[in-house]
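Participant: Submitted below is the structure of interest, expressed as structure tokens.
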Amino acid sequence: MSADCCFSTLLSAAQRGWLACDGDEALLSLALPIEGIDPLLALPQLAEQESLQVLWDSAPGLCLAAAGPCQELELAGSRRFEQAQRFADLCLSRLHDTATDSPAHARPRVLLRFRFFDQVSERRRSEAVVPSVQAVLPRWQLSRQGRRGWLRLNGVVSSAADCRELAEQLWLKHEQLLKAPATPPPLKPQALVAATEPETWRQRYAAALTRGIDLVNSGELHKLVLAVRHRIVLADTFNPLPLLKRLRRQQAGSCRFLWQRHAGDAFFGASPERLLSLRAGWLRSDALAGTAGQGDSGAQLLRSDKDRREHELVVETITDQLRRNGLSPRRRRQPQLARHGNLTHLHTPITAETQGQPVLALAEQLHPTPAVAGLPRRDAMAWLRTLEPFERGSYAAPIGWIDSAGDAELRVAIRCGHARGCELDLTAGAGLVRGSVAERELQEVGLKLAVLADQLELQTSARNRSIV
């Protein structure tokens with residue numbers, strides 16, 4: 001079939017989609033198959049001048065790159081999950097998909113990024129903060145599973161001329177990606193200018209850690225997950241794509257992600273923790289708590305009373321929350337071991353039939369799990385505000401997508417960093433329960449920070465040899 005014939009087919013599909021809306025303004029989604037293109041590598045070409053860039057990389061599963069907003073929502077407040085669900089439902093119900101033969105991985109998606117707290121602390125309003133929720137129907141979407149790829153373009157049309165322009169844009173981008181597949185620059189050592197404060201993160205963490213252990217040992221809290229932030233100043237603006245590509249090997253079982261609001265503001269990481277996924281009405285959530293480093297055997301982790309108690313608190317809380325929502329969760333009797341790079345975790349998958357409940361309503365009930373906040377939840381959240389001297393932003397918050405069939409996946413944004421220009425913040429936390437030992441928790445946080453820090457290959461000066 002000739003290129004002219006293929007373009008005519010694409011244009012006809014766009015025009016039929018517009019006419020199906022009675023010739024009024026329509027939200028159209030056009031798509032073409034594209035083979036052999038890696039969305040991670042192609043993201044810069046896909047985005048070009050678009051400020052918003054998003055990557056979701058669970059390869060060898062779904063890998064998705066997106067750029068530019070077609071429709072978007074940003075807001076704050078306690079109703080953010082409800083409003084994000086309403087936005088997603090409205091966008092995807094209005095969207096006329098002309099590529100009905102596309103596979104599940106190529107469905108149109110609304111992308112979601114939440115902040116950990118729904119409101120910014122009064123003490124930290126001067127900090128640069130992200131919205132409580134960002135929900136985006138992207139303009140461009142490039143997805144791949146295996147070697148099967150699809151390129152999709154979403155847009156608003158109100159005339160036959162708009163239909164043609166949308167079809168031409170998709171056709172030209174398709175040709176561009178096929179003719180000049182891109183590769184990111186290699187991950188070169190970056191010059192470290194300085195840490196923003198003279199003391200290390202360990203010194204800053206020690207006082208909060210001591211107070212947190214007192215709270216759980218006294219019984220005031222059952223669990224508290226205290227996080228630490230380490231800020232690094234680099235000589236050049238940080239590009240996370242080469243690091244994310246490397247993490248495919250180092251963190252193969254995790255989901256790599258990137259959310260770049262605009263140039264020089266990139267939130268990225270490799271999350272091993274699924275808050276929930278939804279497939280054909282069945283929900284899965286992962287309880288992931290209890291951590292051992294490379295030198296510890298899985299058998300030791302399974303025998304650890306502290307880690308088993310910490311893990312069981314997370315499992316029981318997730319199952320209780322699902323039961324309160326009328327679901328009947330199922331779980332394994334004993335945790336499994338999940339290895340992610342140099343770290344091993346206790347892992348219990350939990351499943352339930354959702355019975356038609358909105359996925360973000362369930363996410364609101366589950367967030368934050370005790371794996372990233374603590375118990376009782378409200379008291380733990382208040383102590384986090386008191387003991388953590390920084391705004392969490394999107395650290396440990398849900399990030400993910402909902403597609404046009406109602407399937408969804410939300411990860412907990414851990415093992416993450418936030419780059420703003422030349423400043424790079426790495427954040428990690430440790431779960432404190434009765435019997436926690438400060439030195440061991442310090443070691444655990446160091447291991448988690450190293451998931452990203454060890455991939456940076458920072459060049460330090462003689463007076464600034466250590467970054468952690």
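Convention: chains lettered A, B, ... in structure tokens order; per-chain residue numbering from 1; ligands numbered from 1 as shown.
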Neighbours of segment 76-91 of chain A within 10 Å (only C-alpha atoms; same-chain residues fewer than 2 positions away dropped), as an MDAnalysis selection string?
Facilitator: chainID A and resid 27 70:74 93:96 108:115 117:120 130:137 358:365 401:404 406
Participant: Need the shell around segment 209-225 of chain A: protein/DNA/RNA residues with any atom at most 12 Å away, counting only C-alpha atoms. Skip same-chain ones fewer than 4 positions apart. Format as a VMD selection string?
Facilitator: chain A and resid 201 to 205 289 to 290 306 to 307 309 to 314 317 368 to 388 396 428 to 442 444 to 445
Participant: How many Å separate atom CA of Glu391 of chain A from atom CA of Thr427 of chain A?
Facilitator: 10.9 Å
Participant: Would you mind telling me which residue in A:Leu243, A:His367, A:Leu41, A:Ala270 lies nearest to Cys416 of chain A when using only C-alpha atoms?
Facilitator: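 Checking each candidate against Cys416 of chain A, we get A:Ala270 as the closest.
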Participant: Return as a PyMOL selection string the full set of residues in segment 260-444 of chain A whose backbone-based DSSP assignment is strand (DSSP E or B).
Facilitator: chain A and resi 260-262+265-271+274-279+282-292+330-331+336-340+343-353+374-375+398-403+408-412+416-420+423-432
Participant: Could you give me, as a list in words, the residues within 8 Å of His174 of chain A, counting only C-alpha atoms and dropping anything in the same chain fewer than 6 positions from it?
Facilitator: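 So the residues in contact are Leu32, Ile34 and Leu151 of chain A.
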Participant: Go ahead and write the residues just picked, C-alpha atoms, as a compact mmCIF listing (two decimals), in the first residue's frame.
Facilitator:
# COMPACT_ATOMS: atom_id res chain seq x y z
CA LEU A 32 -0.62 4.66 13.81
CA ILE A 34 5.16 2.03 14.66
CA LEU A 151 2.07 6.55 18.06
Participant: Report, in Å with one decimal, the straight-line distance from atom CA of Ser8 of chain A to atom CA of Gly23 of chain A.
Facilitator: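 The value is 19.4 Å.
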Participant: I'd like the interatomic distance between atom CA of Arg274 of chain A and atom CA of Ala352 of chain A, to a tenth of an Å.
Facilitator: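 If I compute the distance from atom CA of Arg274 of chain A to atom CA of Ala352 of chain A, I get 14.4 Å.
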Participant: Choose the residue, out of A:Ala263, A:Asp407, A:Arg249, A:Ala280, that has the smallest atom-to-atom separation from Val451 of chain A; count only C-alpha atoms.
Facilitator: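 Residue with the minimum atom-to-atom distance to Val451 of chain A: A:Arg249.
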Participant: Find the nearest atom pair between each residue of segment 175-293 of chain A and segment 49-60 of chain A for residues within 6 Å, count only C-alpha atoms, give distances in Å to one decimal, sort rows by chain and ascending number, and present the table as a tab-separated table.
Facilitator:
residue	atom	partner	partner_atom	distance
A:Cys255	CA	A:Ser58	CA	4.5
A:Arg256	CA	A:Asp57	CA	4.9
A:Phe257	CA	A:Trp56	CA	4.8
A:Leu258	CA	A:Leu55	CA	4.8
A:Trp259	CA	A:Val54	CA	4.6
A:Gln260	CA	A:Gln53	CA	5.0
A:Arg261	CA	A:Leu52	CA	4.8
A:His262	CA	A:Ser51	CA	4.4
